[in-house]
There are 2 protein chains.
Amino acid sequence: MSSEYYSQALHGPFDVFEAGDLDLESGGKLRGGKLAYATFGALNADKSNAILFPTWYSGTTKILEQAYVGPGRALDPEKYFIILVNQIGNGLSSSPSNTPAPFNAAAFPKISIGDDVRAQYKLVTEHFGITRLALVLGGSMGAQQSFEWAARYPDAVARVAPIAGTARETAHNRLLAQTFIEAITSDRAFDDGWYAPGAVHRGLRAHARAFAASGFSQKLFNTRGWAGLGFTDTEDFVAGFVENHFLPQDPNNLILLARKWRDADVSRLTGGDLAAALGRIKAKTAVIAIDEDVFFPPEDIAADQQLIPGSALKRVSSIWGHLALFGVDPDWSRAVDHILTGLLATPA
Amino acid sequence: MSSEYYSQALHGPFDVFEAGDLDLESGGKLRGGKLAYATFGALNADKSNAILFPTWYSGTTKILEQAYVGPGRALDPEKYFIILVNQIGNGLSSSPSNTPAPFNAAAFPKISIGDDVRAQYKLVTEHFGITRLALVLGGSMGAQQSFEWAARYPDAVARVAPIAGTARETAHNRLLAQTFIEAITSDRAFDDGWYAPGAVHRGLRAHARAFAASGFSQKLFNTRGWAGLGFTDTEDFVAGFVENHFLPQDPNNLILLARKWRDADVSRLTGGDLAAALGRIKAKTAVIAIDEDVFFPPEDIAADQQLIPGSALKRVSSIWGHLALFGVDPDWSRAVDHILTGLLATPA
């Protein structure tokens, strides 16, 4: 089931960059690391029009393309060279589900946001020869990667737009991510990660339902905000939309991603000093928060934003809460496009 | 384990009212129904000083006593006759855990908020001979019972103060309650409710963690608001406080309560017309919401309150979110005492 899901047919077309062996922040090593990516538009002569956009939890570059890229949008392929990159563990880049034994499944090494960003840096600089990105942006775990990019490589990021995410996970957010992990691992069929194909469907459903109960706004459910998508009631929406999204995915992949999410902390760069880490950022910065976001409440995002010199906080409301990222709310998407267009027009 | 927990030693002293056979809203019957209750103070000659206070999810009358009753408090036993009553299924009143076969455990009938209120009405009128209560109040599921009391028996309730709860469960709240149920039932040791004593500890822990992730405010975790209780980190707090609370409880009891919570709907009284049901209320009404409540957001509570003639909405902030009900936040408790004192002083 998983291998059909993580296919070029569903999530392509994408290319694969051979990142080689990567020494990991955990002390482990990812051997023969691969980054799956997709590009839109053309790189200009001085390589100054490149935008990097990494994926969020359980997403692939296909949803980023559908929700954010197009003529007339902020991410316009007629103006920019847009690199959408799949994070490690999402099933297209190196992942528990697509790595041969002995480092497959539960034996896949632990990956951090910093590991992803270092691998992406190789793609950007070695493969494309780009020394400075016009913009790095991303939502949720993509925001974590965006913060990490701007703090780790301040001279390589002209502008940054982290959306609906924080630079260092809060205690509450860590707990939430942990409950998602446990929804899967508590399924006995999980068997320490050595499950039979399709066996962990109960755990995946439980994970999806926990995600739905906290990832969308209360108002979405209470006003039947999903009705426009053709769902009939709460059960129909949760099964048809949320379970449908997670059921075909690989449990070990999701757990690797959730752990990476849970443990994200840009202050690893500076010995735990968050102000110092975010103070390193030289990019023009627009931090975007969703008013109704239960995963990443605007106050938590604002606390990070205030540590970034000359940055701006932009709040956009959506009944969909965190999942406005998916592009399901045209008003939200328009407002974010407007913010990104303004940021891209800012000299940097 | 369960029977030691649900004991007079831990939760008493309490008395037991024999409510007899109860025809249930589900069409079933509770045979030989029992309501455990505790009283404080003395009933005056004209029986006009009685206050009824039913329990919330997973709580017993002991916590109500500790958090709300005492000299100088709004619920002052020197002035009022305070009846704290355990809801059906909480382990002290008739429950899956204390009912003999064949109606024990998973065979215990389905109970609704309306069933509880009708049984409590027998206790109040038949046992105590009270025709009109000076005040009915309750938090969370206790708020559900309070709304039901005031709408079902408008002439028997002089004042009502539902706290941190709604009259009809919202779609989001139903989903949340359902995830709590599934956290328990997905433990294979649950075995359709026919588990061995203590066997469902994994499910109870998962339930506790899901409850913690949504029941408290984000800020409580992010500012280490639990430190004053002696906990050292998130894990220590979640295990030492939340898992500690739920682990000794009976899984079937919790599921019965969570289903009752999930399906609460005062509009059953009026064929689904919520405005008509709440329009029946004659009591002086103070509806209290907690600003940071994720279970019952103030907007949802306000929507119900606005349907009650002449009612007032009172919002009180607490970093503890929904769990401020427990009495862990002295400022919140003082503010609520002040509201209740004002309500009790209002002629009705």
# chains A, B, ... in the order shown; residues from 1 in each chain; ligands from 1
>>> interface_residues(of="chain A", to="chain B", cutoff="7 Å", atoms="only C-alpha atoms", output="list in words")
Thr170, Ala171, His172, Leu175, Leu176, Thr179, Arg209, Ala210, Ala213, Gln218, Phe221, Asn222 and Thr234 of chain A
>>> select_by_dssp(residues="region 14-103 of chain B", states="alpha helix (DSSP H)", output="PyMOL selection string")
chain B and resi 61-68
>>> write_last_selection(atoms="N, CA, C and O atoms", output="PDB file, in the first residue's frame")
ATOM      1  N   THR B  61     -17.780  13.475  44.407  1.00  0.00           N
ATOM      2  CA  THR B  61     -18.186  14.589  45.260  1.00  0.00           C
ATOM      3  C   THR B  61     -17.033  15.074  46.145  1.00  0.00           C
ATOM      4  O   THR B  61     -17.050  16.216  46.596  1.00  0.00           O
ATOM      5  N   LYS B  62     -16.058  14.247  46.383  1.00  0.00           N
ATOM      6  CA  LYS B  62     -14.949  14.648  47.261  1.00  0.00           C
ATOM      7  C   LYS B  62     -14.202  15.860  46.694  1.00  0.00           C
ATOM      8  O   LYS B  62     -13.889  16.811  47.419  1.00  0.00           O
ATOM      9  N   ILE B  63     -13.945  15.862  45.396  1.00  0.00           N
ATOM     10  CA  ILE B  63     -13.214  17.000  44.819  1.00  0.00           C
ATOM     11  C   ILE B  63     -14.084  18.261  44.819  1.00  0.00           C
ATOM     12  O   ILE B  63     -13.589  19.372  45.019  1.00  0.00           O
ATOM     13  N   LEU B  64     -15.393  18.085  44.655  1.00  0.00           N
ATOM     14  CA  LEU B  64     -16.281  19.259  44.724  1.00  0.00           C
ATOM     15  C   LEU B  64     -16.213  19.877  46.127  1.00  0.00           C
ATOM     16  O   LEU B  64     -16.140  21.098  46.286  1.00  0.00           O
ATOM     17  N   GLU B  65     -16.253  18.987  47.123  1.00  0.00           N
ATOM     18  CA  GLU B  65     -16.169  19.456  48.512  1.00  0.00           C
ATOM     19  C   GLU B  65     -14.867  20.233  48.728  1.00  0.00           C
ATOM     20  O   GLU B  65     -14.868  21.360  49.234  1.00  0.00           O
ATOM     21  N   GLN B  66     -13.773  19.627  48.300  1.00  0.00           N
ATOM     22  CA  GLN B  66     -12.461  20.237  48.555  1.00  0.00           C
ATOM     23  C   GLN B  66     -12.292  21.561  47.804  1.00  0.00           C
ATOM     24  O   GLN B  66     -11.673  22.486  48.311  1.00  0.00           O
ATOM     25  N   ALA B  67     -12.843  21.640  46.600  1.00  0.00           N
ATOM     26  CA  ALA B  67     -12.562  22.808  45.756  1.00  0.00           C
ATOM     27  C   ALA B  67     -13.594  23.928  45.898  1.00  0.00           C
ATOM     28  O   ALA B  67     -13.310  25.056  45.511  1.00  0.00           O
ATOM     29  N   TYR B  68     -14.787  23.616  46.459  1.00  0.00           N
ATOM     30  CA  TYR B  68     -15.854  24.633  46.417  1.00  0.00           C
ATOM     31  C   TYR B  68     -16.575  24.891  47.734  1.00  0.00           C
ATOM     32  O   TYR B  68     -17.231  25.930  47.865  1.00  0.00           O
TER      33      TYR B  68
END
>>> residues_around(residues="Ala324 (chain A)", least_positions_apart="6", cutoff="8 Å", atoms="only C-alpha atoms", output="list in words")
Ser318, Trp332 and Ser333 of chain A
>>> write_last_selection(atoms="all heavy atoms", output="compact mmCIF listing (two decimals), in the first residue's frame")
# COMPACT_ATOMS: atom_id res chain seq x y z
N SER A 318 -8.30 31.79 9.86
CA SER A 318 -8.98 30.79 9.04
C SER A 318 -9.73 29.81 9.93
O SER A 318 -9.19 29.29 10.90
CB SER A 318 -8.02 30.00 8.16
OG SER A 318 -8.74 28.94 7.52
N TRP A 332 -7.73 32.68 3.02
CA TRP A 332 -6.46 32.56 3.72
C TRP A 332 -5.31 32.51 2.71
O TRP A 332 -4.30 33.21 2.87
CB TRP A 332 -6.45 31.31 4.61
CG TRP A 332 -5.22 31.21 5.46
CD1 TRP A 332 -5.04 31.74 6.71
CD2 TRP A 332 -3.99 30.55 5.13
NE1 TRP A 332 -3.78 31.46 7.16
CE2 TRP A 332 -3.11 30.74 6.23
CE3 TRP A 332 -3.54 29.83 4.02
CZ2 TRP A 332 -1.81 30.21 6.24
CZ3 TRP A 332 -2.24 29.32 4.03
CH2 TRP A 332 -1.40 29.51 5.13
N SER A 333 -5.48 31.72 1.68
CA SER A 333 -4.41 31.58 0.68
C SER A 333 -4.13 32.91 -0.02
O SER A 333 -2.97 33.27 -0.27
CB SER A 333 -4.78 30.52 -0.36
OG SER A 333 -4.84 29.23 0.26
>>> residues_around(residues="Lys314 (chain B)", least_positions_apart="6", cutoff="8 Å", atoms="only C-alpha atoms", output="VMD selection string")
chain B and resid 286 to 289 339
>>> select_by_dssp(residues="region 184-311 of chain A", states="strand (DSSP E)", output="PyMOL selection string")
chain A and resi 284-290
>>> decode(residues="region 72-87 of chain B", atoms="N, CA and C atoms", output="short mmCIF file (atom, residue, chain, number, x, y, z; two decimals), in the first residue's frame")
data_model
loop_
_atom_site.label_atom_id
_atom_site.label_comp_id
_atom_site.auth_asym_id
_atom_site.auth_seq_id
_atom_site.Cartn_x
_atom_site.Cartn_y
_atom_site.Cartn_z
N GLY B 72 -17.13 30.82 54.56
CA GLY B 72 -16.55 31.98 53.88
C GLY B 72 -16.55 31.85 52.38
N ARG B 73 -16.79 30.63 51.88
CA ARG B 73 -16.92 30.43 50.44
C ARG B 73 -18.34 30.75 50.00
N ALA B 74 -18.55 30.83 48.67
CA ALA B 74 -19.93 31.01 48.19
C ALA B 74 -20.81 29.86 48.68
N LEU B 75 -20.28 28.66 48.60
CA LEU B 75 -21.02 27.49 49.09
C LEU B 75 -20.67 27.29 50.56
N ASP B 76 -21.32 28.06 51.40
CA ASP B 76 -21.01 28.11 52.84
C ASP B 76 -22.01 27.23 53.60
N PRO B 77 -21.52 26.17 54.22
CA PRO B 77 -22.43 25.25 54.93
C PRO B 77 -23.12 25.92 56.12
N GLU B 78 -22.63 27.07 56.53
CA GLU B 78 -23.31 27.76 57.63
C GLU B 78 -24.57 28.47 57.14
N LYS B 79 -24.67 28.64 55.83
CA LYS B 79 -25.84 29.33 55.27
C LYS B 79 -26.70 28.41 54.40
N TYR B 80 -26.06 27.44 53.76
CA TYR B 80 -26.78 26.64 52.78
C TYR B 80 -26.73 25.15 53.11
N PHE B 81 -27.71 24.46 52.59
CA PHE B 81 -27.73 23.00 52.64
C PHE B 81 -27.24 22.52 51.28
N ILE B 82 -26.04 22.03 51.25
CA ILE B 82 -25.36 21.75 49.98
C ILE B 82 -25.39 20.25 49.72
N ILE B 83 -25.99 19.89 48.60
CA ILE B 83 -26.06 18.47 48.22
C ILE B 83 -25.11 18.25 47.07
N LEU B 84 -24.05 17.51 47.31
CA LEU B 84 -23.13 17.12 46.25
C LEU B 84 -23.55 15.72 45.80
N VAL B 85 -23.77 15.56 44.51
CA VAL B 85 -24.28 14.26 44.05
C VAL B 85 -23.37 13.69 42.97
N ASN B 86 -23.09 12.40 43.11
CA ASN B 86 -22.25 11.69 42.14
C ASN B 86 -23.09 11.26 40.94
N GLN B 87 -22.62 11.59 39.75
CA GLN B 87 -23.41 11.19 38.59
C GLN B 87 -23.31 9.68 38.37
#
